[in-house]
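Peer 1: Have a peek at final-v8.txt (compact mmCIF, C-alpha atoms and all ligand atoms).
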```txt
# COMPACT_ATOMS: atom_id res chain seq x y z
CA MET A 1 -30.09 24.88 39.87
CA LEU A 2 -26.80 26.84 39.90
CA ASP A 3 -24.86 23.70 40.71
CA LEU A 4 -26.60 21.79 37.96
CA SER A 5 -25.89 24.56 35.45
CA ARG A 6 -22.22 24.61 36.35
CA LYS A 7 -21.90 20.85 36.13
CA MET A 8 -23.63 20.81 32.75
CA ALA A 9 -21.44 23.62 31.42
CA GLU A 10 -18.39 21.58 32.38
CA THR A 11 -19.55 18.49 30.47
CA ARG A 12 -18.25 18.91 26.95
CA GLN A 13 -19.39 15.61 25.43
CA LEU A 14 -22.99 15.42 24.30
CA SER A 15 -24.00 11.87 25.30
CA PRO A 16 -22.96 11.98 28.97
CA LEU A 17 -24.45 15.47 29.22
CA LEU A 18 -27.84 14.32 27.95
CA THR A 19 -27.95 11.39 30.39
CA TYR A 20 -26.93 13.67 33.24
CA ALA A 21 -29.57 16.29 32.37
CA MET A 22 -32.27 13.62 32.14
CA GLN A 23 -31.41 12.12 35.53
CA GLU A 24 -31.27 15.51 37.19
CA ALA A 25 -34.61 16.51 35.66
CA LEU A 26 -36.21 13.37 37.13
CA ASP A 27 -34.78 14.13 40.57
CA LEU A 28 -35.71 17.77 40.38
CA VAL A 29 -39.45 17.20 39.85
CA ASN A 30 -39.62 13.77 41.44
CA ALA A 31 -40.71 11.94 38.30
CA GLU A 32 -40.56 8.21 37.59
CA ARG A 33 -39.26 8.24 34.11
CA GLY A 34 -38.40 10.56 31.27
CA PHE A 35 -37.27 11.03 27.70
CA LEU A 36 -34.92 13.56 26.22
CA VAL A 37 -35.30 14.17 22.50
CA LEU A 38 -33.32 16.23 20.02
CA LEU A 39 -34.88 17.70 16.92
CA GLN A 40 -33.32 16.37 13.71
CA ASP A 41 -32.70 18.41 10.56
CA ASP A 42 -35.59 16.60 8.85
CA GLY A 43 -37.99 17.59 11.67
CA SER A 44 -38.11 14.12 13.25
CA LEU A 45 -37.35 13.51 16.92
CA ASP A 46 -34.30 11.59 18.02
CA PHE A 47 -34.96 9.87 21.38
CA ARG A 48 -31.49 10.31 22.87
CA VAL A 49 -32.19 9.32 26.46
CA LYS A 50 -34.92 7.06 27.89
CA PHE A 51 -34.50 6.74 31.58
CA ASP A 52 -36.39 5.18 34.49
CA ARG A 53 -35.39 6.15 38.02
CA GLU A 54 -35.63 2.60 39.24
CA GLU A 55 -34.75 0.58 36.16
CA GLY A 56 -32.10 2.96 34.76
CA PRO A 57 -31.71 3.35 30.95
CA LEU A 58 -34.69 1.95 29.05
CA ASP A 59 -34.52 -0.02 25.80
CA SER A 60 -38.21 0.11 25.11
CA ALA A 61 -39.33 2.24 22.24
CA ASP A 62 -41.02 5.55 23.00
CA ASP A 63 -44.79 5.25 23.17
CA GLN A 64 -47.38 7.07 21.19
CA ILE A 65 -48.29 9.50 23.97
CA SER A 66 -44.80 10.72 24.74
CA THR A 67 -44.18 11.15 21.00
CA SER A 68 -47.31 13.22 20.39
CA ILE A 69 -46.73 15.40 23.48
CA LEU A 70 -43.08 15.90 22.62
CA ASN A 71 -43.95 16.73 19.01
CA GLU A 72 -46.38 19.36 20.20
CA VAL A 73 -43.91 20.93 22.66
CA VAL A 74 -41.21 21.06 20.00
CA ARG A 75 -43.60 22.53 17.46
CA THR A 76 -45.17 25.19 19.73
CA GLY A 77 -42.20 25.83 22.03
CA GLU A 78 -44.67 25.82 24.94
CA PRO A 79 -44.19 23.72 28.14
CA THR A 80 -47.00 21.25 28.83
CA LEU A 81 -48.48 19.95 32.08
CA ILE A 82 -51.04 17.14 32.19
CA ARG A 83 -52.21 16.44 35.73
CA ASP A 84 -54.13 13.28 34.89
CA ALA A 85 -53.90 11.81 31.42
CA LEU A 86 -56.68 9.36 32.14
CA SER A 87 -59.12 12.19 32.61
CA ASN A 88 -57.62 14.47 29.95
CA HIS A 89 -59.98 14.83 27.03
CA ARG A 90 -57.18 14.76 24.47
CA PHE A 91 -55.42 11.64 25.67
CA ALA A 92 -57.81 9.64 27.85
CA SER A 93 -58.92 7.37 25.02
CA SER A 94 -55.40 6.68 23.79
CA ASP A 95 -54.33 3.02 24.00
CA SER A 96 -51.02 3.83 25.57
CA VAL A 97 -52.59 5.97 28.27
CA ILE A 98 -54.85 3.10 29.18
CA GLN A 99 -52.21 0.40 28.80
CA LEU A 100 -49.51 2.27 30.66
CA ARG A 101 -51.92 3.79 33.08
CA LEU A 102 -50.31 7.14 32.47
CA ARG A 103 -51.32 9.77 34.94
CA SER A 104 -49.03 12.77 35.47
CA VAL A 105 -47.04 14.07 32.47
CA MET A 106 -44.89 17.17 31.95
CA ALA A 107 -42.69 18.35 29.06
CA ALA A 108 -40.56 21.43 28.42
CA PRO A 109 -38.83 22.58 25.24
CA LEU A 110 -35.05 22.83 24.94
CA ALA A 111 -34.41 26.21 23.36
CA SER A 112 -31.04 27.71 22.55
CA ARG A 113 -30.46 31.08 20.85
CA GLY A 114 -34.16 31.32 20.02
CA GLU A 115 -34.29 27.92 18.37
CA ILE A 116 -36.00 24.79 19.62
CA ILE A 117 -33.42 22.02 19.61
CA GLY A 118 -35.47 19.35 21.43
CA ALA A 119 -37.49 18.72 24.59
CA ILE A 120 -37.49 17.01 27.97
CA TYR A 121 -40.47 14.83 28.94
CA VAL A 122 -41.16 13.35 32.39
CA GLU A 123 -44.06 11.23 33.66
CA ASN A 124 -45.51 9.45 36.67
CA ARG A 125 -47.76 6.44 36.24
CA SER A 126 -48.62 5.73 39.80
CA ALA A 127 -50.69 8.78 40.63
CA ALA A 128 -52.44 11.75 39.16
CA GLY A 129 -51.65 15.31 40.16
CA ILE A 130 -48.03 14.61 41.07
CA PHE A 131 -46.83 17.62 39.09
CA ASN A 132 -48.08 21.17 39.55
CA GLU A 133 -47.36 24.59 38.01
CA ASP A 134 -44.28 25.05 40.23
CA ASP A 135 -42.84 21.79 38.95
CA LEU A 136 -43.46 22.86 35.38
CA MET A 137 -41.68 26.16 36.01
CA LEU A 138 -38.76 24.32 37.59
CA LEU A 139 -38.55 21.91 34.65
CA THR A 140 -38.77 24.81 32.18
CA ILE A 141 -35.97 26.75 33.87
CA PHE A 142 -33.89 23.61 34.06
CA ALA A 143 -34.57 22.88 30.37
CA ASN A 144 -33.43 26.40 29.45
CA GLN A 145 -30.15 25.90 31.30
CA ALA A 146 -29.65 22.44 29.88
CA ALA A 147 -30.37 23.61 26.31
CA VAL A 148 -27.41 26.02 26.30
CA SER A 149 -25.02 23.32 27.45
CA ILE A 150 -26.52 20.79 25.03
CA ALA A 151 -26.12 23.16 22.08
CA ASN A 152 -22.48 23.78 23.02
CA ALA A 153 -21.77 20.09 23.49
CA ALA A 154 -23.45 19.28 20.16
CA LEU A 155 -21.24 21.84 18.47
CA ASN A 156 -18.24 20.39 20.23
CA ASP A 157 -19.20 16.86 19.13
CA GLU A 158 -19.67 18.04 15.58
CA LEU A 159 -16.28 19.74 15.57
CA GLU A 160 -14.63 16.67 17.03
CA ALA A 161 -16.30 14.46 14.45
CA ARG A 162 -15.13 16.77 11.71
CA VAL A 163 -11.58 16.78 13.05
CA ALA A 164 -11.66 12.98 13.34
CA ALA A 165 -12.93 12.65 9.75
CA ARG A 166 -10.29 15.04 8.48
CA THR A 167 -7.57 13.23 10.44
CA ALA A 168 -8.70 9.92 8.96
CA GLU A 169 -8.59 11.46 5.47
CA LEU A 170 -5.11 12.79 6.10
CA GLU A 171 -3.93 9.45 7.44
CA GLN A 172 -5.30 7.75 4.37
CA ALA A 173 -3.59 10.29 2.10
CA MET A 174 -0.39 9.76 4.05
CA ARG A 175 -0.59 5.98 3.57
CA GLN A 176 -1.18 6.47 -0.15
CA LEU A 177 1.75 8.83 -0.35
CA GLU A 178 4.00 6.35 1.43
CA GLN A 179 2.92 3.61 -0.95
CA SER A 180 3.57 5.81 -4.00
CA TRP A 181 6.91 6.76 -2.56
CA ILE A 182 7.89 3.11 -2.07
CA GLU A 183 6.77 2.34 -5.62
CA ALA A 184 8.68 5.34 -7.00
CA VAL A 185 11.84 4.33 -5.16
CA GLU A 186 11.54 0.80 -6.50
CA ALA A 187 10.86 2.04 -10.06
CA ASN A 188 13.86 4.32 -9.76
CA ARG A 189 16.02 1.47 -8.52
CA LEU A 190 14.99 -0.71 -11.47
CA ARG A 191 15.69 2.12 -13.89
CA THR A 192 19.08 2.78 -12.36
CA GLU A 193 19.91 -0.90 -12.58
CA LEU A 194 18.85 -1.04 -16.22
CA PHE A 195 20.81 2.14 -16.98
CA GLY A 196 23.92 0.60 -15.38
CA ASN A 197 23.54 -2.72 -17.18
CA VAL A 198 23.10 -1.05 -20.56
CA ALA A 199 26.13 1.19 -19.96
CA HIS A 200 28.15 -1.82 -18.89
CA ASP A 201 27.12 -3.99 -21.82
CA LEU A 202 27.82 -1.23 -24.34
CA ARG A 203 31.38 -0.86 -23.18
CA ALA A 204 32.74 -4.20 -24.49
CA PRO A 205 31.49 -3.87 -28.10
CA LEU A 206 32.52 -0.20 -28.23
CA THR A 207 36.03 -1.14 -27.12
CA ILE A 208 36.24 -3.78 -29.87
CA ILE A 209 35.08 -1.22 -32.44
CA LEU A 210 37.69 1.26 -31.22
CA SER A 211 40.53 -1.29 -31.45
CA ALA A 212 39.46 -2.23 -34.95
CA LEU A 213 39.31 1.45 -35.96
CA ASP A 214 42.75 2.02 -34.37
CA MET A 215 44.24 -0.82 -36.34
CA LEU A 216 42.60 0.38 -39.54
CA GLY A 217 43.80 3.93 -38.92
CA GLU A 218 47.32 2.80 -38.29
CA GLY A 219 47.37 1.06 -41.68
CA LEU A 220 47.69 -2.46 -40.29
CA TRP A 221 45.44 -3.78 -43.06
CA GLY A 222 46.83 -1.67 -45.88
CA GLU A 223 47.40 1.99 -46.61
CA LEU A 224 44.33 4.28 -46.48
CA ASN A 225 43.79 7.29 -48.68
CA ASP A 226 43.16 10.71 -47.09
CA ASP A 227 39.38 10.48 -47.32
CA GLN A 228 39.34 7.06 -45.73
CA LEU A 229 41.68 8.19 -42.97
CA GLU A 230 39.58 11.27 -42.26
CA TRP A 231 36.45 9.17 -41.79
CA ILE A 232 38.27 6.57 -39.71
CA ASN A 233 39.51 9.35 -37.41
CA LYS A 234 36.04 10.84 -37.06
CA ALA A 235 34.71 7.38 -36.19
CA ARG A 236 37.50 6.90 -33.61
CA ASP A 237 36.67 10.23 -31.94
CA ALA A 238 32.98 9.43 -31.81
CA THR A 239 33.65 5.96 -30.41
CA ARG A 240 36.01 7.30 -27.73
CA HIS A 241 33.34 9.76 -26.72
CA ALA A 242 30.73 7.02 -26.52
CA ILE A 243 33.07 4.92 -24.37
CA ALA A 244 33.68 7.86 -22.01
CA LEU A 245 29.95 8.43 -21.78
CA THR A 246 29.15 4.82 -20.90
CA ALA A 247 31.91 4.94 -18.28
CA ASP A 248 30.31 8.05 -16.74
CA MET A 249 26.86 6.48 -16.79
CA PHE A 250 28.21 3.33 -15.22
CA ASP A 251 29.97 5.29 -12.46
CA LEU A 252 26.85 7.31 -11.66
CA THR A 253 24.63 4.24 -11.40
CA ARG A 254 27.18 2.63 -9.10
CA VAL A 255 27.16 5.75 -6.89
CA ASP A 256 23.33 5.70 -6.87
CA MET A 257 23.17 2.06 -5.93
CA GLY A 258 25.81 2.47 -3.26
CA GLN A 259 28.07 0.10 -5.15
CA LEU A 260 30.94 2.43 -5.82
CA GLU A 261 33.44 1.92 -3.07
CA LEU A 262 36.57 3.94 -2.62
CA GLU A 263 39.89 2.24 -2.19
CA ARG A 264 41.55 4.79 0.00
CA GLN A 265 45.14 4.74 1.05
CA PRO A 266 47.64 7.32 2.31
CA VAL A 267 49.03 9.14 -0.72
CA GLU A 268 51.89 11.66 -0.88
CA LEU A 269 50.07 14.42 -2.69
CA SER A 270 52.96 16.18 -4.50
CA PRO A 271 54.30 13.12 -6.40
CA PHE A 272 50.71 12.03 -7.08
CA LEU A 273 49.82 15.43 -8.61
CA ALA A 274 53.06 15.38 -10.61
CA LYS A 275 51.97 12.10 -12.20
CA VAL A 276 48.50 13.45 -12.98
CA TYR A 277 50.08 16.59 -14.46
CA LYS A 278 52.15 14.37 -16.75
CA VAL A 279 49.03 12.58 -17.98
CA GLY A 280 47.34 15.98 -18.43
CA LYS A 281 50.25 17.17 -20.58
CA ALA A 282 49.39 14.47 -23.11
CA LEU A 283 45.96 16.06 -23.75
CA PRO A 284 45.69 17.79 -27.15
CA TRP A 285 46.35 21.36 -25.90
CA PRO A 286 46.06 24.03 -28.61
CA GLU A 287 49.18 26.09 -29.43
CA ALA A 288 47.70 29.21 -27.83
CA VAL A 289 47.05 27.50 -24.47
CA SER A 290 49.85 26.74 -22.02
CA PHE A 291 49.25 24.00 -19.51
CA GLN A 292 51.02 24.63 -16.20
CA ALA A 293 51.45 23.15 -12.74
CA ASP A 294 51.65 25.15 -9.53
CA PHE A 295 52.04 23.21 -6.29
CA PRO A 296 54.85 22.86 -3.71
CA PRO A 297 56.88 19.64 -3.51
CA ASP A 298 55.99 19.11 0.16
CA LEU A 299 52.21 18.82 0.17
CA PRO A 300 50.96 16.62 3.03
CA GLN A 301 49.89 13.03 2.82
CA VAL A 302 46.17 12.54 2.14
CA SER A 303 44.04 9.42 2.39
CA LEU A 304 42.43 9.03 -1.02
CA ASP A 305 41.46 6.69 -3.83
CA GLU A 306 44.11 7.51 -6.45
CA THR A 307 42.08 6.31 -9.43
CA ARG A 308 39.03 8.33 -8.44
CA ILE A 309 40.86 11.58 -7.60
CA ARG A 310 42.86 11.28 -10.82
CA GLN A 311 39.51 10.90 -12.60
CA VAL A 312 38.24 14.11 -10.95
CA ILE A 313 41.31 16.14 -11.92
CA LEU A 314 41.40 14.80 -15.49
CA ASN A 315 37.72 15.62 -15.83
CA LEU A 316 38.40 19.22 -14.77
CA LEU A 317 41.40 19.41 -17.12
CA THR A 318 39.37 18.02 -20.05
CA ASN A 319 36.69 20.63 -19.38
CA ALA A 320 39.30 23.39 -19.18
CA LEU A 321 40.69 22.17 -22.48
CA LYS A 322 37.23 22.21 -24.05
CA PHE A 323 36.39 25.74 -22.95
CA THR A 324 39.73 27.57 -23.32
CA ARG A 325 40.82 28.91 -26.70
CA GLU A 326 43.85 30.87 -25.55
CA GLY A 327 45.82 31.71 -22.43
CA SER A 328 46.56 29.13 -19.79
CA VAL A 329 45.23 26.23 -17.78
CA THR A 330 46.87 25.60 -14.41
CA LEU A 331 46.70 22.61 -12.09
CA TYR A 332 47.46 23.94 -8.61
CA ALA A 333 47.29 22.85 -4.96
CA HIS A 334 48.10 24.17 -1.50
CA PRO A 335 47.36 23.22 2.09
CA LEU A 336 44.44 25.06 3.68
CA GLU A 337 45.34 27.76 6.17
CA ASP A 338 43.87 25.94 9.14
CA GLU A 339 45.77 22.85 7.92
CA ASP A 340 42.89 20.45 8.14
CA GLY A 341 42.73 19.91 4.40
CA VAL A 342 44.31 20.46 1.01
CA LEU A 343 42.85 22.53 -1.78
CA ILE A 344 43.35 21.29 -5.35
CA GLY A 345 42.18 23.33 -8.32
CA VAL A 346 42.18 23.83 -12.07
CA VAL A 347 42.03 27.44 -13.25
CA ASP A 348 41.62 28.42 -16.89
CA THR A 349 41.34 31.58 -18.96
CA GLY A 350 38.42 30.27 -21.04
CA VAL A 351 34.83 31.30 -21.62
CA GLY A 352 33.85 31.17 -17.96
CA ILE A 353 30.45 30.46 -16.47
CA PRO A 354 27.66 32.94 -15.69
CA GLU A 355 27.59 33.57 -11.94
CA ASP A 356 24.04 32.29 -11.50
CA LYS A 357 24.90 28.95 -13.10
CA THR A 358 27.94 28.04 -11.01
CA GLU A 359 25.83 25.72 -8.81
CA ARG A 360 23.71 24.18 -11.52
CA ILE A 361 26.60 22.94 -13.66
CA PHE A 362 27.26 20.29 -11.00
CA GLU A 363 23.80 18.82 -11.56
CA ARG A 364 23.40 15.75 -13.69
CA PHE A 365 22.84 16.38 -17.41
CA TYR A 366 23.13 20.13 -16.95
CA GLN A 367 24.91 21.94 -19.73
CA LEU A 368 25.11 25.62 -20.46
CA ASN A 369 23.45 26.48 -23.68
CA ASN A 370 26.24 28.45 -25.30
CA GLU A 371 27.76 28.10 -28.70
CA LEU A 372 30.97 26.54 -27.48
CA VAL A 373 29.13 23.91 -25.45
CA ARG A 374 26.97 23.02 -28.40
CA SER A 375 30.02 22.48 -30.54
CA ARG A 376 31.79 20.37 -27.89
CA LYS A 377 30.79 16.86 -27.05
CA GLY A 378 29.56 16.11 -23.60
CA ALA A 379 26.53 14.83 -21.74
CA GLY A 380 26.66 17.04 -18.66
CA LEU A 381 27.67 14.15 -16.41
CA GLY A 382 31.36 14.90 -15.76
CA LEU A 383 30.96 17.48 -12.97
CA ALA A 384 28.17 15.50 -11.31
CA ILE A 385 30.56 12.55 -11.01
CA CYS A 386 33.35 14.84 -9.75
CA ARG A 387 31.03 16.10 -7.03
CA ASP A 388 29.97 12.59 -6.01
CA LEU A 389 33.56 11.38 -5.87
CA VAL A 390 34.86 14.38 -3.91
CA GLU A 391 31.97 14.17 -1.45
CA MET A 392 32.60 10.47 -0.96
CA HIS A 393 36.08 11.55 0.16
CA GLY A 394 34.46 13.87 2.73
CA GLY A 395 35.41 16.93 0.70
CA ARG A 396 33.55 19.53 -1.36
CA ILE A 397 33.88 20.97 -4.83
CA TRP A 398 32.84 24.30 -6.28
CA VAL A 399 33.73 26.82 -8.97
CA GLU A 400 34.49 30.51 -8.93
CA SER A 401 33.89 32.10 -12.28
CA TYR A 402 32.58 35.07 -14.22
CA GLU A 403 31.34 34.80 -17.75
CA GLY A 404 34.14 35.57 -20.20
CA GLU A 405 36.80 35.61 -17.52
CA GLY A 406 37.74 31.96 -17.13
CA ALA A 407 36.80 29.46 -14.49
CA ASN A 408 38.48 28.34 -11.28
CA PHE A 409 37.33 24.86 -10.18
CA LYS A 410 38.41 23.94 -6.67
CA PHE A 411 37.97 21.02 -4.35
CA VAL A 412 39.07 20.37 -0.82
CA LEU A 413 40.18 17.01 0.52
CA PRO A 414 40.25 16.70 4.30
CA LEU A 415 43.41 15.48 5.99
CA GLY A 416 43.39 12.40 8.12
P1 LIG A 501 30.06 18.02 -20.05
O1 LIG A 501 30.36 16.57 -20.23
O2 LIG A 501 28.92 18.50 -20.87
O3 LIG A 501 31.27 18.88 -20.15
P2 LIG A 501 30.20 18.65 -17.30
O4 LIG A 501 29.38 18.17 -16.18
O5 LIG A 501 31.65 18.30 -17.26
O6 LIG A 501 29.51 18.11 -18.59
O7 LIG A 501 30.04 20.22 -17.40
C1 LIG A 501 28.78 20.78 -17.36
C2 LIG A 501 28.77 22.16 -17.99
O8 LIG A 501 29.58 23.04 -17.20
C3 LIG A 501 29.41 22.19 -19.35
O9 LIG A 501 28.47 21.85 -20.32
C4 LIG A 501 29.87 23.62 -19.44
O10 LIG A 501 28.79 24.42 -19.82
C5 LIG A 501 30.21 24.00 -18.02
N1 LIG A 501 31.69 23.93 -17.80
C6 LIG A 501 32.37 22.93 -17.23
N2 LIG A 501 33.68 23.23 -17.12
C7 LIG A 501 33.83 24.47 -17.65
C8 LIG A 501 34.94 25.36 -17.85
N3 LIG A 501 36.19 25.03 -17.47
N4 LIG A 501 34.69 26.56 -18.41
C9 LIG A 501 33.44 26.91 -18.78
N5 LIG A 501 32.35 26.13 -18.61
C10 LIG A 501 32.53 24.93 -18.08
```
Would you mind giving the structure from this file in structure tokens?
Peer 2:
Amino acid sequence: MLDLSRKMAETRQLSPLLTYAMQEALDLVNAERGFLVLLQDDGSLDFRVKFDREEGPLDSADDQISTSILNEVVRTGEPTLIRDALSNHRFASSDSVIQLRLRSVMAAPLASRGEIIGAIYVENRSAAGIFNEDDLMLLTIFANQAAVSIANAALNDELEARVAARTAELEQAMRQLEQSWIEAVEANRLRTELFGNVAHDLRAPLTIILSALDMLGEGLWGELNDDQLEWINKARDATRHAIALTADMFDLTRVDMGQLELERQPVELSPFLAKVYKVGKALPWPEAVSFQADFPPDLPQVSLDETRIRQVILNLLTNALKFTREGSVTLYAHPLEDEDGVLIGVVDTGVGIPEDKTERIFERFYQLNNELVRSRKGAGLGLAICRDLVEMHGGRIWVESYEGEGANFKFVLPLG
């Protein structure tokens, strides 16, 4: 009995445990065949194992006798012993007793934690009086042991089923998520493409408008009066801004679609910066702002895309111009101390940027909501492009600034 108990406790899955318990019960009391039933929530009996010692597992349905005896054992919780069904007043007239020639029958309840969870039934057809009180006690003790293991295994099965169901749900959710992700990526790609095409197609007509306005403004088609000239100039400014915006949008979509490729070549940095400084000098600096350069003539050679790095620096200079009313704006550069890169920067004495916004201004479409920004034109794309371009060079860009104390935009380009 101890061995059986141990073996049953070790079997964690319900089905093999039930078969094992049934077989052992048959051996234990020397019965021919037996049924093991579990009580369902609705009170019905689930015939889990039907086993014959000679034939093995049985397909045949349970018969009327075993069902009525099992029902009674489950209902009363009392073990039952019938020495000879044929001469038992309750069952002798039953068809199945006569047909099956049932003689010796025994059944014991499966009880766990005070609850009946099923029963074990064994029988012998060949002879009457095969089972006695000792056998019934043995079967009852065995049933008590088995019930504990069966209850545990049932719990284990239920937990496993729950885990399996939950895992299936999660897998399904995961598949849905993947599908939505693929769809979102595709939708985003289409939007980016559309964005890029619109920006591209706007550029040509805007350029024609600007040339026409330029020619008008320069009096090519006759002198203009002051009012006319003022409106032509406003229109030129607005058109230039629209052209710059479409260029930014076009660049960003090309970065997003992986279509913007750098044309890098070794560039002597000092002469290159001198040229950019010269272009920067042509910007409309106010009287009260001095534009200066501060870099040595012997900066190292750096591999870069001249057009794109010029674009970055001019973007920073245009911003400095926008946000500085008086003082100075300086384009500066120096090799890094550990000599594996060069630092290039634009420092101004303008309105500055609140400390907690110095990261966010590099995000797309992010603009600070201050009075000066509102009065200046911009779409919040310039710094996002600068960051993309610098990072494509393997460098990084950031700003050091305090509100009201100017801003110092810096980026590092790696050497080699
Ligand atoms: P925008 O085209 O609007 O200027 P940017 O990406 O170039 O877009 O800049 C984003 C925001 O960063 C600006 O709206 C402004 O608030 C802030 N900013 C950029 N440069 C400066 C600067 N030199 N001084 C103060 N604020 C700045």
Peer 1: Please provide as number ranges by chain all residues within 6 Å of stretch 108-118 of chain A, with the sequence filter that same-chain residues fewer than 4 positions apart are discarded (counting only C-alpha atoms).
Peer 2: A: 37-39, 73-74, 77, 79, 140, 143-144, 147-148
Peer 1: Taking all atoms listed in the file into account, report as a ChimeraX atom specification which residues have an atom no farther than 9 Å from an atom of ligand LIG 501 (chain A).
Peer 2: /A:245,315-324,346-354,357-358,360-370,372-374,376-386,399,401,403-404,406-409
Peer 1: Taking all atoms listed in the file into account, which of A:Leu252, A:Leu413, A:Met392, A:Ala184 comes nearest A:Leu343?
Peer 2: A:Leu413
Peer 1: How far is it from atom CA of A:Ala274 to atom CA of A:Met249, in Å with one decimal?
Peer 2: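 Between atom CA of A:Ala274 and atom CA of A:Met249 the gap is 28.4 Å.
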Peer 1: Which neighbours of A:Ala204 fall inside 12 Å, counting only C-alpha atoms, when residues of the same chain fewer than 5 positions from it are skipped, and could you give them as an mmCIF file with C-alpha atoms, keeping the file's coordinate frame?
Peer 2:
```cif
data_model
loop_
_atom_site.group_PDB
_atom_site.id
_atom_site.type_symbol
_atom_site.label_atom_id
_atom_site.label_comp_id
_atom_site.auth_asym_id
_atom_site.auth_seq_id
_atom_site.Cartn_x
_atom_site.Cartn_y
_atom_site.Cartn_z
ATOM 1 C CA ASN A 197 23.540 -2.720 -17.180
ATOM 2 C CA VAL A 198 23.100 -1.050 -20.560
ATOM 3 C CA ALA A 199 26.130 1.190 -19.960
ATOM 4 C CA ILE A 209 35.080 -1.220 -32.440
ATOM 5 C CA LEU A 210 37.690 1.260 -31.220
ATOM 6 C CA SER A 211 40.530 -1.290 -31.450
ATOM 7 C CA THR A 239 33.650 5.960 -30.410
ATOM 8 C CA ALA A 242 30.730 7.020 -26.520
ATOM 9 C CA ILE A 243 33.070 4.920 -24.370
ATOM 10 C CA THR A 246 29.150 4.820 -20.900
ATOM 11 C CA ALA A 247 31.910 4.940 -18.280
#
```
Peer 1: Mind giving me the straight-line distance from atom CA of A:Glu391 to atom CA of A:Asp256 in Å, one decimal?
Peer 2: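 Taking atom CA of A:Glu391 as the start and atom CA of A:Asp256 as the end point, the length is 13.3 Å.
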Peer 1: Interatomic distance between atom CA of A:Ala128 and atom CA of A:Asp52?
Peer 2: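 Between atom CA of A:Ala128 and atom CA of A:Asp52 the gap works out to 18.0 Å.
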Peer 1: Could you list as a list in words every residue that has an atom within 10 Å of (52.0, 14.3, 2.2), using the file's coordinates and counting all atoms listed in the file?
Peer 2: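 The residues that fall inside the cut-off are Pro266, Val267, Glu268, Leu269, Ser270, Pro271, Phe272, Pro297, Asp298, Leu299, Pro300, Gln301, Val302, Ser303, Val342 and Leu415 of chain A.
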Peer 1: Restricting the calculation to all atoms listed in the file: of A:Phe195, A:Tyr20, A:Trp285, A:Trp181, which residue gets closest to A:Ala146?
Peer 2: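 Among A:Phe195, A:Tyr20, A:Trp285, A:Trp181, it is A:Tyr20 that comes nearest to A:Ala146.
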Peer 1: May I ask which of the residues A:Ala107, A:Asp84, A:Asp157, A:Gly327 is the closest one to A:Ala127, counting only C-alpha atoms?
Peer 2: A:Asp84
Peer 1: Please report as a Markdown table every residue of stretch 101-175 of chain A lying within 8 Å of stretch 66-72 of chain A, along with the nearest atom pair and their distance in Å (one decimal), using only C-alpha atoms.
Peer 2:
```
| residue | atom | partner | partner_atom | distance |
| --- | --- | --- | --- | --- |
| A:Ala107 | CA | A:Leu70 | CA | 6.9 |
| A:Ala119 | CA | A:Leu70 | CA | 6.6 |
| A:Ile120 | CA | A:Leu70 | CA | 7.8 |
| A:Tyr121 | CA | A:Leu70 | CA | 6.9 |
```
